[in-house]
Amino acid sequence: MTLHGVGASTGDLDARAVHWIRERLAGTGAGVAGDKATLERALAGAITDGGLGLDGAWRMFADVAAPANIGLDSDRFLAFIPTSPSVASVWMDAIVGTANFSAESWLEAAGAIAAENQVLELLARTAGMPSSAGGCFMSGGSIGNLSALAVAREQAGSRRVVVVADTAHASVRSALHLLGMQPLVVPTGADSRLTGAAIRRAVAGRTDIAAIVASAGSTNAGVIDDLAGCADVAAELDAWLHVDGAYGLAAMLLPELRDRFAGIERVDSFIVDPHKWLFAPVGSCALVYRRPELASAVHTQHGPYIDSIRTADDVFNPSDLGYQLTRRASGLPIWFALALHGVEAHRAAIRAGLRLAEAMADALEVCPDTELLMRPELSVVLFRRHGWVADDWRVWSADLLQRGTAFVAPTTHRGEPVGRLVFMHPLTPMSIVDELLASLTARG
């Protein structure tokens, strides 16, 4: 059996793969939650010394492995933070996987990195950062947050305390743990927003604050923190200000929403995940620094062979700006989609989710059985169903998935089990509002 080159023993795998991708791009349902025992039995014997051949291996994938998943890219995926990659970005992602651009260094992947840098420049310019700002693409928001906070630690001297909201993403606390830093959790108010005033009260008299982490669209509620107020306090404390905008910061591209992100131009670093609200495939995070040279001083790796990738002092290698050496060119899919369709098309796709969230909120407000916790600031809708407890929410979620209506995942808000819906897929039909409302009122 031949593994490589034009003589590889793969038969018509290329045709099967292209057909499968096209079928997937045409649309997928909410999916199913696979059963462990069933999958183990069905996949038993898949890996052998001699191999199964194309037909056998493809059946294992297409008939067993692929169907037993939730459709994260489905227009019926309304849980967690959905992904709805554009057709153009999916095909470019396939090309990136084929090309294996070694995108950690300019020496190895100058063309890919130059293209990625155009996306980073768009984000930095939209945020109002100086022209000297720069960054890199990473594999996801968690490693983006970790990388930025590692730079913050180095700028803080002996200070090791980081202000975080009680709504901060779990990856922030995980990063602080790995970095040997301590979170100072500041409670948010009724609107779930971290404010400069609340931080100022929490840090009064303290001299150990290294950084402040704010959210530009909190994961659970979709709330944008008081970025300007956070920037004021960070300046007073000489502390680093990092903004986790993995989900919501892409909405700053909309002129009508830009004011909601006032203060983003003053931060030291921020992240945006294109695989969320910029419609790229899973596995990309844009990390932007106000002063990328500070990141280079922290993250640049050295070694007998690694040092050979540095070709000019004025060129930042992506691997010098974050904790990741080998990396795929994960920014190319969103770059290509932007180059093909333009920024305005992406703005229109973002607006589709905003409209659905508003429509769902309006319906929940007038329904006597439900109550909004807050008006959606972006595309997350949190609400109560009167009389329901945690078990009711679990049954509701399971019923919707079993019927193929939608995949939803209830959450908690200040300890209370509540409903949560996230609208991001541009093709989610407006009829989903009535379908969901009916499911909430059908059960007592």
# chains A, B, ... in the order shown; residues from 1 in each chain; ligands from 1

$ closest_atom_pairs --of "stretch 274-381 of chain A" --to "stretch 190-197 of chain A" --cutoff "10 Å" --atoms "only C-alpha atoms" --output "Markdown table"
| residue | atom | partner | partner_atom | distance |
| --- | --- | --- | --- | --- |
| A:Leu373 | CA | A:Asp191 | CA | 8.9 |
| A:Met374 | CA | A:Asp191 | CA | 7.2 |
| A:Arg375 | CA | A:Asp191 | CA | 9.4 |

$ write_last_selection --atoms "C-alpha atoms" --output "short mmCIF file (atom, residue, chain, number, x, y, z; two decimals), in the first residue's frame"
data_model
loop_
_atom_site.label_atom_id
_atom_site.label_comp_id
_atom_site.auth_asym_id
_atom_site.auth_seq_id
_atom_site.Cartn_x
_atom_site.Cartn_y
_atom_site.Cartn_z
CA LEU A 373 -33.50 38.17 32.25
CA MET A 374 -32.21 41.08 30.15
CA ARG A 375 -32.55 42.41 26.65
#

$ select_by_dssp --residues "stretch 225-319 of chain A" --states "strand (DSSP E or B)" --output "ChimeraX atom specification"
/A:240-244,269-272,285-289

$ residues_around --residues "A:Gly157" --least-positions-apart "2" --cutoff "12 Å" --atoms "only C-alpha atoms" --output "ChimeraX atom specification"
/A:151-155,159-161,207-211,238-240

$ residues_around --residues "A:Pro85" --least-positions-apart "3" --cutoff "9 Å" --atoms "only C-alpha atoms" --output "NGL selection string"
:A and (73 or 88-90 or 275-276 or 278-282 or 425)

$ atom_distance --atom1 "atom CA of A:Val408" --atom2 "atom CA of A:His169"
19.2 Å

$ residues_around --residues "A:Ala409" --least-positions-apart "3" --cutoff "10 Å" --atoms "only C-alpha atoms" --output "PyMOL selection string"
chain A and resi 77-80+393-394+396-398+406+418-422

$ closest_residue --among "A:Thr411, A:Thr188, A:Ser131, A:Ser105" --to "A:Leu321" --atoms "only C-alpha atoms"
A:Ser105

$ residues_around --residues "stretch 341-355 of chain A" --least-positions-apart "5" --cutoff "12 Å" --atoms "only C-alpha atoms" --output "MDAnalysis selection string"
chainID A and resid 75 78 82:89 119 122:123 126 222 247:257 274 276:280 334:336 360:362 375:381 421:430 433

$ closest_residue --among "A:Thr2, A:Ser102, A:Ser174, A:Ser269" --to "A:Ile309" --atoms "only C-alpha atoms"
A:Ser102

$ closest_residue --among "A:Ile47, A:Cys230, A:Val18, A:Ile143" --to "A:Ala94" --atoms "only C-alpha atoms"
A:Val18

$ closest_atom_pairs --of "stretch 51-157 of chain A" --to "stretch 324-332 of chain A" --cutoff "12 Å" --atoms "only C-alpha atoms" --output "Markdown table"
| residue | atom | partner | partner_atom | distance |
| --- | --- | --- | --- | --- |
| A:Ala88 | CA | A:Leu332 | CA | 10.7 |
| A:Ser89 | CA | A:Leu332 | CA | 8.1 |
| A:Val90 | CA | A:Leu332 | CA | 10.4 |
| A:Trp91 | CA | A:Leu332 | CA | 10.7 |
| A:Met92 | CA | A:Leu332 | CA | 7.1 |
| A:Asp93 | CA | A:Leu332 | CA | 7.4 |
| A:Ala94 | CA | A:Leu332 | CA | 10.6 |
| A:Ile95 | CA | A:Leu332 | CA | 9.5 |
| A:Val96 | CA | A:Ala329 | CA | 6.6 |
| A:Gly97 | CA | A:Arg328 | CA | 7.7 |
| A:Thr98 | CA | A:Arg328 | CA | 10.5 |
| A:Ala99 | CA | A:Arg328 | CA | 9.4 |
| A:Asn100 | CA | A:Arg328 | CA | 6.5 |
| A:Phe101 | CA | A:Arg328 | CA | 6.2 |
| A:Ser102 | CA | A:Arg328 | CA | 6.3 |
| A:Ala103 | CA | A:Ala329 | CA | 5.3 |
| A:Glu104 | CA | A:Thr326 | CA | 5.7 |
| A:Ser105 | CA | A:Leu325 | CA | 8.7 |
| A:Trp106 | CA | A:Ala329 | CA | 11.6 |
| A:Glu108 | CA | A:Thr326 | CA | 11.1 |
| A:Ala109 | CA | A:Ala329 | CA | 8.6 |
| A:Ala110 | CA | A:Ala329 | CA | 10.7 |
| A:Gly111 | CA | A:Leu332 | CA | 10.0 |
| A:Ala112 | CA | A:Ala329 | CA | 6.5 |
| A:Ile113 | CA | A:Ala329 | CA | 7.3 |
| A:Ala114 | CA | A:Leu332 | CA | 9.7 |
| A:Ala115 | CA | A:Leu332 | CA | 6.7 |
| A:Glu116 | CA | A:Gly331 | CA | 5.1 |
| A:Asn117 | CA | A:Gly331 | CA | 8.4 |
| A:Gln118 | CA | A:Gly331 | CA | 9.6 |
| A:Val119 | CA | A:Gly331 | CA | 7.6 |
| A:Leu120 | CA | A:Gly331 | CA | 8.9 |
| A:Gly135 | CA | A:Gly331 | CA | 11.6 |
| A:Cys136 | CA | A:Gly331 | CA | 8.7 |
| A:Phe137 | CA | A:Gly331 | CA | 6.0 |
| A:Met138 | CA | A:Ser330 | CA | 7.1 |
| A:Ser139 | CA | A:Ser330 | CA | 7.1 |
| A:Gly140 | CA | A:Ser330 | CA | 9.6 |
| A:Ser142 | CA | A:Gln324 | CA | 11.9 |
| A:Ile143 | CA | A:Gln324 | CA | 8.3 |
| A:Gly144 | CA | A:Gln324 | CA | 9.6 |
| A:Leu146 | CA | A:Gln324 | CA | 10.7 |
| A:Ser147 | CA | A:Gln324 | CA | 8.8 |

$ atom_distance --atom1 "atom CA of A:Ala170" --atom2 "atom CA of A:Gln301"
27.3 Å

$ select_by_dssp --residues "stretch 101-161 of chain A" --states "helix (DSSP H, G or I)" --output "number ranges by chain"
A: 106-127, 141-155

$ write_last_selection --atoms "C-alpha atoms" --output "mmCIF file, in the first residue's frame"
data_model
loop_
_atom_site.group_PDB
_atom_site.id
_atom_site.type_symbol
_atom_site.label_atom_id
_atom_site.label_comp_id
_atom_site.auth_asym_id
_atom_site.auth_seq_id
_atom_site.Cartn_x
_atom_site.Cartn_y
_atom_site.Cartn_z
ATOM 1 C CA TRP A 106 7.911 34.359 7.838
ATOM 2 C CA LEU A 107 10.816 32.361 6.368
ATOM 3 C CA GLU A 108 8.600 29.321 5.784
ATOM 4 C CA ALA A 109 5.197 30.879 5.056
ATOM 5 C CA ALA A 110 5.593 34.535 4.102
ATOM 6 C CA GLY A 111 2.628 34.532 1.719
ATOM 7 C CA ALA A 112 0.227 32.932 4.184
ATOM 8 C CA ILE A 113 1.338 35.178 7.042
ATOM 9 C CA ALA A 114 1.149 38.320 4.905
ATOM 10 C CA ALA A 115 -2.473 37.429 4.101
ATOM 11 C CA GLU A 116 -3.285 36.696 7.741
ATOM 12 C CA ASN A 117 -1.761 40.026 8.739
ATOM 13 C CA GLN A 118 -4.326 41.835 6.603
ATOM 14 C CA VAL A 119 -7.086 40.423 8.805
ATOM 15 C CA LEU A 120 -5.214 41.402 11.952
ATOM 16 C CA GLU A 121 -4.764 44.903 10.550
ATOM 17 C CA LEU A 122 -8.498 45.152 9.804
ATOM 18 C CA LEU A 123 -9.331 44.231 13.390
ATOM 19 C CA ALA A 124 -6.704 46.563 14.871
ATOM 20 C CA ARG A 125 -7.827 49.449 12.653
ATOM 21 C CA THR A 126 -11.490 48.888 13.480
ATOM 22 C CA ALA A 127 -10.627 48.843 17.176
ATOM 23 C CA GLY A 141 -9.379 31.740 22.367
ATOM 24 C CA SER A 142 -8.012 29.784 25.318
ATOM 25 C CA ILE A 143 -4.428 29.837 24.043
ATOM 26 C CA GLY A 144 -4.941 33.438 22.912
ATOM 27 C CA ASN A 145 -5.923 34.492 26.427
ATOM 28 C CA LEU A 146 -3.022 32.510 27.904
ATOM 29 C CA SER A 147 -0.520 34.124 25.547
ATOM 30 C CA ALA A 148 -1.720 37.670 26.219
ATOM 31 C CA LEU A 149 -1.745 37.194 29.973
ATOM 32 C CA ALA A 150 1.783 35.778 29.878
ATOM 33 C CA VAL A 151 2.892 39.101 28.391
ATOM 34 C CA ALA A 152 0.887 40.983 31.021
ATOM 35 C CA ARG A 153 2.682 39.068 33.765
ATOM 36 C CA GLU A 154 6.093 40.045 32.437
ATOM 37 C CA GLN A 155 5.143 43.738 32.419
#

$ atom_distance --atom1 "atom CA of A:Asp63" --atom2 "atom CA of A:Pro333"
28.1 Å

$ decode --residues "stretch 328-353 of chain A" --atoms "N, CA and C atoms" --output "PDB file, in the first residue's frame"
ATOM      1  N   ARG A 328      -0.886  25.777  11.888  1.00  0.00           N
ATOM      2  CA  ARG A 328      -1.412  25.872  10.532  1.00  0.00           C
ATOM      3  C   ARG A 328      -1.811  27.321  10.277  1.00  0.00           C
ATOM      4  N   ALA A 329      -1.973  27.676   9.044  1.00  0.00           N
ATOM      5  CA  ALA A 329      -2.344  29.053   8.691  1.00  0.00           C
ATOM      6  C   ALA A 329      -3.845  29.239   8.893  1.00  0.00           C
ATOM      7  N   SER A 330      -4.245  29.268  10.165  1.00  0.00           N
ATOM      8  CA  SER A 330      -5.674  29.271  10.503  1.00  0.00           C
ATOM      9  C   SER A 330      -6.372  30.582  10.161  1.00  0.00           C
ATOM     10  N   GLY A 331      -5.598  31.632   9.829  1.00  0.00           N
ATOM     11  CA  GLY A 331      -6.219  32.882   9.436  1.00  0.00           C
ATOM     12  C   GLY A 331      -6.542  32.965   7.953  1.00  0.00           C
ATOM     13  N   LEU A 332      -6.028  32.025   7.146  1.00  0.00           N
ATOM     14  CA  LEU A 332      -6.264  32.092   5.709  1.00  0.00           C
ATOM     15  C   LEU A 332      -7.735  31.895   5.316  1.00  0.00           C
ATOM     16  N   PRO A 333      -8.492  31.005   5.979  1.00  0.00           N
ATOM     17  CA  PRO A 333      -9.898  30.860   5.579  1.00  0.00           C
ATOM     18  C   PRO A 333     -10.706  32.146   5.732  1.00  0.00           C
ATOM     19  N   ILE A 334     -10.545  32.876   6.841  1.00  0.00           N
ATOM     20  CA  ILE A 334     -11.303  34.121   6.988  1.00  0.00           C
ATOM     21  C   ILE A 334     -10.738  35.189   6.055  1.00  0.00           C
ATOM     22  N   TRP A 335      -9.421  35.201   5.835  1.00  0.00           N
ATOM     23  CA  TRP A 335      -8.853  36.154   4.880  1.00  0.00           C
ATOM     24  C   TRP A 335      -9.444  35.938   3.489  1.00  0.00           C
ATOM     25  N   PHE A 336      -9.521  34.690   3.056  1.00  0.00           N
ATOM     26  CA  PHE A 336     -10.025  34.406   1.719  1.00  0.00           C
ATOM     27  C   PHE A 336     -11.501  34.785   1.594  1.00  0.00           C
ATOM     28  N   ALA A 337     -12.276  34.468   2.630  1.00  0.00           N
ATOM     29  CA  ALA A 337     -13.701  34.823   2.587  1.00  0.00           C
ATOM     30  C   ALA A 337     -13.883  36.336   2.541  1.00  0.00           C
ATOM     31  N   LEU A 338     -13.062  37.064   3.291  1.00  0.00           N
ATOM     32  CA  LEU A 338     -13.132  38.531   3.244  1.00  0.00           C
ATOM     33  C   LEU A 338     -12.698  39.054   1.883  1.00  0.00           C
ATOM     34  N   ALA A 339     -11.650  38.452   1.324  1.00  0.00           N
ATOM     35  CA  ALA A 339     -11.178  38.878   0.007  1.00  0.00           C
ATOM     36  C   ALA A 339     -12.222  38.586  -1.065  1.00  0.00           C
ATOM     37  N   LEU A 340     -12.902  37.453  -0.946  1.00  0.00           N
ATOM     38  CA  LEU A 340     -13.892  37.059  -1.941  1.00  0.00           C
ATOM     39  C   LEU A 340     -15.174  37.880  -1.841  1.00  0.00           C
ATOM     40  N   HIS A 341     -15.721  37.983  -0.630  1.00  0.00           N
ATOM     41  CA  HIS A 341     -17.045  38.571  -0.447  1.00  0.00           C
ATOM     42  C   HIS A 341     -17.030  40.010   0.057  1.00  0.00           C
ATOM     43  N   GLY A 342     -15.944  40.425   0.706  1.00  0.00           N
ATOM     44  CA  GLY A 342     -15.882  41.754   1.281  1.00  0.00           C
ATOM     45  C   GLY A 342     -16.362  41.795   2.720  1.00  0.00           C
ATOM     46  N   VAL A 343     -16.016  42.876   3.396  1.00  0.00           N
ATOM     47  CA  VAL A 343     -16.389  43.036   4.801  1.00  0.00           C
ATOM     48  C   VAL A 343     -17.896  43.226   4.951  1.00  0.00           C
ATOM     49  N   GLU A 344     -18.518  43.939   4.031  1.00  0.00           N
ATOM     50  CA  GLU A 344     -19.944  44.237   4.171  1.00  0.00           C
ATOM     51  C   GLU A 344     -20.785  42.977   4.179  1.00  0.00           C
ATOM     52  N   ALA A 345     -20.415  41.976   3.404  1.00  0.00           N
ATOM     53  CA  ALA A 345     -21.155  40.715   3.418  1.00  0.00           C
ATOM     54  C   ALA A 345     -21.073  40.050   4.791  1.00  0.00           C
ATOM     55  N   HIS A 346     -19.943  40.170   5.434  1.00  0.00           N
ATOM     56  CA  HIS A 346     -19.794  39.605   6.777  1.00  0.00           C
ATOM     57  C   HIS A 346     -20.596  40.415   7.790  1.00  0.00           C
ATOM     58  N   ARG A 347     -20.648  41.720   7.594  1.00  0.00           N
ATOM     59  CA  ARG A 347     -21.503  42.544   8.467  1.00  0.00           C
ATOM     60  C   ARG A 347     -22.956  42.110   8.348  1.00  0.00           C
ATOM     61  N   ALA A 348     -23.412  41.879   7.127  1.00  0.00           N
ATOM     62  CA  ALA A 348     -24.799  41.464   6.918  1.00  0.00           C
ATOM     63  C   ALA A 348     -25.085  40.132   7.593  1.00  0.00           C
ATOM     64  N   ALA A 349     -24.121  39.219   7.564  1.00  0.00           N
ATOM     65  CA  ALA A 349     -24.298  37.920   8.209  1.00  0.00           C
ATOM     66  C   ALA A 349     -24.374  38.067   9.729  1.00  0.00           C
ATOM     67  N   ILE A 350     -23.586  38.970  10.297  1.00  0.00           N
ATOM     68  CA  ILE A 350     -23.664  39.224  11.737  1.00  0.00           C
ATOM     69  C   ILE A 350     -25.029  39.797  12.103  1.00  0.00           C
ATOM     70  N   ARG A 351     -25.517  40.706  11.279  1.00  0.00           N
ATOM     71  CA  ARG A 351     -26.818  41.341  11.556  1.00  0.00           C
ATOM     72  C   ARG A 351     -27.958  40.320  11.580  1.00  0.00           C
ATOM     73  N   ALA A 352     -27.830  39.241  10.818  1.00  0.00           N
ATOM     74  CA  ALA A 352     -28.877  38.223  10.803  1.00  0.00           C
ATOM     75  C   ALA A 352     -29.070  37.625  12.197  1.00  0.00           C
ATOM     76  N   GLY A 353     -27.976  37.346  12.894  1.00  0.00           N
ATOM     77  CA  GLY A 353     -28.073  36.825  14.253  1.00  0.00           C
ATOM     78  C   GLY A 353     -28.659  37.830  15.219  1.00  0.00           C
TER      79      GLY A 353
END
